[in-house]
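Here the structure comes first, spelled out in C-alpha cells, and everything after it is commentary.
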Amino acid sequence: MRTIFVLFDSLNRSAMGAYGGQAVATPNFDRFAARAVTFDRHYVGSLPCMPARRDMHAGRLNFTHRSWGPLEPFDNSFAELMKQNGIYTHLVSDHLHYFEDGGHGFHTRFNSYDFIRGQEYDPWVAMVEPPVDRIRAKYDERHYSVSGRDKRMQHTINRETMGAEEDFPGPRCFASAFDFLDRNRQADNWFLMLECFDPHEPFHAPERFKAAYDTGYAGRILDWPHYERVVESDEEIAEIRANYAALVAMCDAYFGKLIDYLDRHDMWKDTCIVLSTDHGFLLSEHDWWGKCRMPYYEEVSHIPLIVHHPDHAEHAGSRRGHLTQTMDRMPTFLEMYGLPVPDEVTGHSIFSALAEDTPVRDAAVFGVFSGPIGVTDGHHVLYHYPPDITRDGLVEYTLAPAHMTAPFTVEELRTSRLVPPFDFTKGVPVLGIDATRDAKRVPNNDGLGFGDLGTRLFDLDADPRQQSPIEDTRISASLYGHMERELRIHDTPAEVYRWYDLNSQTTQGGSDETIAGTDGGGDAAGQQRAG
C-alpha cells in the first residue's frame with residue numbers, strides 16, 4: 001500500500017469547482033474529483049492549525065482540554081504507529097508552526113521529513129537592518145506593521161528572496177515530493193504527507209497567477225487581513241480576495257503536476273491519494289476576515305475531502321453525503337494499512353464509505369479552546385458561545401506546556417498541579433494549569449472577549465449562505481444533545497460545562513439527556529480535577 005496525503009492549509013471548499021465554486025478556476029482539483037470519491041459534508045474538529053493537526057494525528061478532539069500546543073507525549077500518532085509497524089512515513093512541509101515551541105513533536109513522528117523554509121514569518125532570512133522605507137512604501141500598514149521587528153516584518157524580509165516562481169515555498173514543497181517519488185515510487189508500504197501552508201495568508205502568489213486575477217488595484221500590498229471585522233473598501237476587498245484566488249490557482253496548478261506524475265508513472269492502480277485541508281477562512285463573508293473568534297461559518301468549518309483509493313476505483317466521480325470530520329482521517333489511514341485503532345481514538349474510519357454512502361456519525365462537533373463550540377447534524381448548525389468570560393476559568397491539561405511561539409510563562413506554571421489521568425492519557429496524570437487567571441485574556445482569541453457576538457442557529461438547507469439565524473427550541477435541543485454526548489465521549493472536564501453554561505442550556509432546551517451533575521466525563525477523577 002502507498003499513500004500520498006496532500007494537505008493544503010486554509011483551502012476553502014467554495015473556491016473549488018468540485019464543490020460548486022466559480023470564482024477560481026481549479027481544473028486539476030476538478031479532474032481529481034472526477035476519478036475519486038468526494039465527501040460533501042466533511043467538517044473540522046479542533047481549530048486552528050496545530051489543534052487541527054493534533055486531531056489528525058491522534059484521532060480525537062483536543063479543544064476540550066487545551067489550546068494550541070504540541071503533540072502530547074501520551075498521544076497516539078498515525079505516523080508513529082505506521083513507523084512502528086514497518087510502514088515508511090515521510091513528511092514534506094513548509095508549515096513553520098511545526099518548528100515553534102507550540103508545534104513540536106509532530107514532524108518527528110515520521111521516519112523522515114523535509115522542512116521547506118521561508119513561509120509566512122519563518123525566521124529564515126537574517127537581516128539586521130531591513131529596508132523600512134521601501135517596505136513602508138510597498139505594504140499597506142493596515143496589514144503590515146513596519147514600526148518594529150514583528151512577524152509581519154519578517155515575512156516582508158523573506159519575501160525579498162522570492163523572485164522566480166520556483167523560489168516560492170509551495171512549488172518547492174512539490175519539488176521535494178517529486179524527489180521522494182522519484183526515489184521511492186517502485187517501493188511499497190509507504191505514506192507521504194505533502195503539506196503546503198498555502199493558501200494560508202499572507203496571500204502571496206507568483207506573478208503569473210496574480211496576473212490572472214488582476215483587479216486593477218493600484219495601492220500598496222493588501223494580502224494579510226487581521227482576524228477581525230471588515231473595514232476595507234469594496235475595491236480593497238476585491239483585491240484581497242483576488243490575492244487568495246491567485247494562491248488557490250497556484251495550489252491547483254501544482255496539484256495538477258502531481259496528477260500528471262501519477263499518470264506518467266501509472267501509479268493510480270496501487271496508490272491512494274487524499275486531498276484535504278485543516279480549516280477554511282472567511283474572506284469578508286459575514287463581514288469578517290479569518291477564523292477563531294467569530295462564528296465558525298460554513299466557510300471556516302465545512303471543508304473539502306476528496307479520496308482516490310485503488311480498491312474503489314469503480315466509484316470514481318461519486319459523492320458521499322454523510323458527516324465526517326478531521327479526526328476521522330487517523331483511523332481511516334490505519335485501517336487502510338490493516339493496523340488496529342487505539343482505544344483512545346474517538347474518530348471513525350471512513351474507509352467503508354468509499355464503497356457506499358454509509359453513515360459515519362450523527363453529528364459533528366468542533367471548536368476552539370475557550371471559543372464558541374459548533375455542532376451540526378448536516379442540516380442545521382449551532383454556534384454556542386460562553387455567556388461571558390467572568391465565570392470560573394478554564395484549565396489547560398498538558399505535559400508539554402507551550403503556547404504557539406513560547407513556553408508557558410512562569411506565572412502560568414505557578415498555577416500548575418498534578419491531576420488524575422483522563423481516559424485518553426493512558427493512565428498518565430497531567431498538569432492542570434489555569435488558562436484564564438485574567439478573565440479578559442482568553443486563549444486563541446487575540447485577547448478579546450465575546451461581548452459583540454452570541455449563540456446562533458442556522459438552517460443550512462433553507463439558508464446555505466447563513467444570512468438569517470433562526471430560533472427553534474426543538475432543533476436547538478437536538479443539537480445540544482449531540483454536543484453533550486460528544487463532550488462526554490471526550491471525557492471533558494467539569495469546568496468546561498460551567499464555562500459554556502451548558503447545564504442551563506441543555507435544561508432550557510428540553511433535551512432528552514441533560515448535563516446536570518456531570519463531573520469531567522462523569523467520574524470521580526472529574527471531581528478532583530474540578531477542585
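Naming works like this for the C-alpha cells: A, B, ... for the chains as they're shown, residue 1 at the start of each chain, ligands 1 onward in shown order.
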For this session: Compile the contact shell of Ser46 of chain A as a PyMOL selection string: residues with an atom at most 7 Å away, counting only C-alpha atoms, same-chain residues fewer than 5 positions apart removed.
Result: chain A and resi 51-52+55+61-63+366-368
Just the selected residues (N, CA and C atoms), exported as a PDB file, in the first residue's frame, please.
```pdb
ATOM      1  N   PRO A  51      -3.954  22.666  16.697  1.00  0.00           N
ATOM      2  CA  PRO A  51      -5.019  21.813  17.236  1.00  0.00           C
ATOM      3  C   PRO A  51      -5.636  20.895  16.180  1.00  0.00           C
ATOM      4  N   ALA A  52      -5.793  21.391  14.960  1.00  0.00           N
ATOM      5  CA  ALA A  52      -6.324  20.547  13.884  1.00  0.00           C
ATOM      6  C   ALA A  52      -5.384  19.392  13.591  1.00  0.00           C
ATOM      7  N   ASP A  55      -5.677  16.701  16.202  1.00  0.00           N
ATOM      8  CA  ASP A  55      -6.845  15.866  15.887  1.00  0.00           C
ATOM      9  C   ASP A  55      -6.509  14.835  14.822  1.00  0.00           C
ATOM     10  N   LEU A  61     -10.822  14.822  19.283  1.00  0.00           N
ATOM     11  CA  LEU A  61     -10.826  16.251  19.531  1.00  0.00           C
ATOM     12  C   LEU A  61      -9.889  16.601  20.675  1.00  0.00           C
ATOM     13  N   ASN A  62      -9.216  17.742  20.564  1.00  0.00           N
ATOM     14  CA  ASN A  62      -8.388  18.172  21.690  1.00  0.00           C
ATOM     15  C   ASN A  62      -8.777  19.527  22.255  1.00  0.00           C
ATOM     16  N   PHE A  63      -9.708  20.271  21.596  1.00  0.00           N
ATOM     17  CA  PHE A  63     -10.023  21.614  22.075  1.00  0.00           C
ATOM     18  C   PHE A  63     -10.738  21.603  23.422  1.00  0.00           C
ATOM     19  N   PHE A 366     -17.259  20.849  16.831  1.00  0.00           N
ATOM     20  CA  PHE A 366     -15.968  21.459  16.528  1.00  0.00           C
ATOM     21  C   PHE A 366     -15.805  22.757  17.302  1.00  0.00           C
ATOM     22  N   GLY A 367     -14.559  23.190  17.472  1.00  0.00           N
ATOM     23  CA  GLY A 367     -14.373  24.427  18.217  1.00  0.00           C
ATOM     24  C   GLY A 367     -12.930  24.788  18.468  1.00  0.00           C
ATOM     25  N   VAL A 368     -12.769  25.926  19.119  1.00  0.00           N
ATOM     26  CA  VAL A 368     -11.500  26.452  19.601  1.00  0.00           C
ATOM     27  C   VAL A 368     -11.551  26.450  21.117  1.00  0.00           C
TER      28      VAL A 368
END
```
Using only C-alpha atoms, which residues of segment 234-302 of chain A come within 12 Å of segment 463-481 of chain A, and what is the closest atom pair for each, with the distance in Å to one decimal? Give it as JSON lines, sorted by chain and residue number.
```
{"residue": "A:Glu285", "atom": "CA", "partner": "A:Arg465", "partner_atom": "CA", "distance": 9.1}
{"residue": "A:His286", "atom": "CA", "partner": "A:Gln467", "partner_atom": "CA", "distance": 7.9}
{"residue": "A:Asp287", "atom": "CA", "partner": "A:Gln467", "partner_atom": "CA", "distance": 11.2}
{"residue": "A:Pro295", "atom": "CA", "partner": "A:Gln466", "partner_atom": "CA", "distance": 10.8}
{"residue": "A:Tyr296", "atom": "CA", "partner": "A:Gln466", "partner_atom": "CA", "distance": 11.0}
{"residue": "A:Tyr297", "atom": "CA", "partner": "A:Gln466", "partner_atom": "CA", "distance": 7.6}
{"residue": "A:Glu298", "atom": "CA", "partner": "A:Arg465", "partner_atom": "CA", "distance": 8.0}
{"residue": "A:Glu299", "atom": "CA", "partner": "A:Arg465", "partner_atom": "CA", "distance": 9.1}
{"residue": "A:His302", "atom": "CA", "partner": "A:Pro464", "partner_atom": "CA", "distance": 11.4}
```
With N, CA and C atoms retained, write the just-selected residues as a short mmCIF file (atom, residue, chain, number, x, y, z; two decimals), in the first residue's frame.
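Once everything was written out, this is again19.cif:
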```cif
data_model
loop_
_atom_site.label_atom_id
_atom_site.label_comp_id
_atom_site.auth_asym_id
_atom_site.auth_seq_id
_atom_site.Cartn_x
_atom_site.Cartn_y
_atom_site.Cartn_z
N GLU A 285 -16.90 37.39 3.89
CA GLU A 285 -18.26 36.89 4.07
C GLU A 285 -18.69 37.18 5.51
N HIS A 286 -19.93 37.51 5.69
CA HIS A 286 -20.48 37.82 7.01
C HIS A 286 -19.75 38.99 7.67
N ASP A 287 -19.06 39.79 6.83
CA ASP A 287 -18.32 40.97 7.30
C ASP A 287 -17.17 40.63 8.25
N PRO A 295 -18.19 33.39 14.63
CA PRO A 295 -18.80 32.07 14.44
C PRO A 295 -18.08 31.29 13.34
N TYR A 296 -18.04 29.97 13.49
CA TYR A 296 -17.36 29.12 12.51
C TYR A 296 -18.30 28.87 11.34
N TYR A 297 -18.61 29.94 10.62
CA TYR A 297 -19.49 29.80 9.48
C TYR A 297 -18.99 28.70 8.55
N GLU A 298 -19.86 28.27 7.65
CA GLU A 298 -19.53 27.18 6.73
C GLU A 298 -18.21 27.44 6.00
N GLU A 299 -17.90 28.69 5.71
CA GLU A 299 -16.64 29.00 5.01
C GLU A 299 -15.42 28.57 5.82
N HIS A 302 -16.73 23.95 7.20
CA HIS A 302 -17.15 22.94 6.22
C HIS A 302 -16.06 22.86 5.15
#
```
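Minimum atom-to-atom distances from A:Ala363, A:Val375, A:Leu181, A:Leu413 to Leu262 of chain A were compared using only C-alpha atoms, and the lowest value belongs to A:Leu181.
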Exercise. So what do you get for atom CA of Met336 of chain A versus atom CA of Glu486 of chain A, distance-wise?
Worked result: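 Pair atom CA of Met336 of chain A / atom CA of Glu486 of chain A returns 25.4 Å.
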Problem set entry | Computed interatomic separation between atom CA of Phe191 of chain A and atom CA of Thr89 of chain A (Å) |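 Those two atoms sit 4.7 Å apart.
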For this session: Find the residue from A:Pro386, A:Ser370, A:Asp30, A:Gly20 that sits nearest to His65 of chain A; use only C-alpha atoms when measuring.
Result: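 Between A:Pro386, A:Ser370, A:Asp30, A:Gly20, the residue approaching His65 of chain A most closely is A:Ser370.
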For this session: Name the residues in contact with Pro131 of chain A at a cut-off of 12 Å, using only C-alpha atoms, excluding same-chain residues fewer than 4 positions from it; report them as a list in words.
Result: Met127, Ile135, Arg136, Ala137, Lys138, Val146, Ser147, Gly148, Arg149, Met153, Gln154, Thr156, Ile157 and Glu160 of chain A
Exercise. At what distance in Å, to one decimal, does atom CA of Arg60 of chain A lie from atom CA of Trp288 of chain A?
Worked result: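 Result for atom CA of Trp288 of chain A versus atom CA of Arg60 of chain A: 28.7 Å, one decimal.
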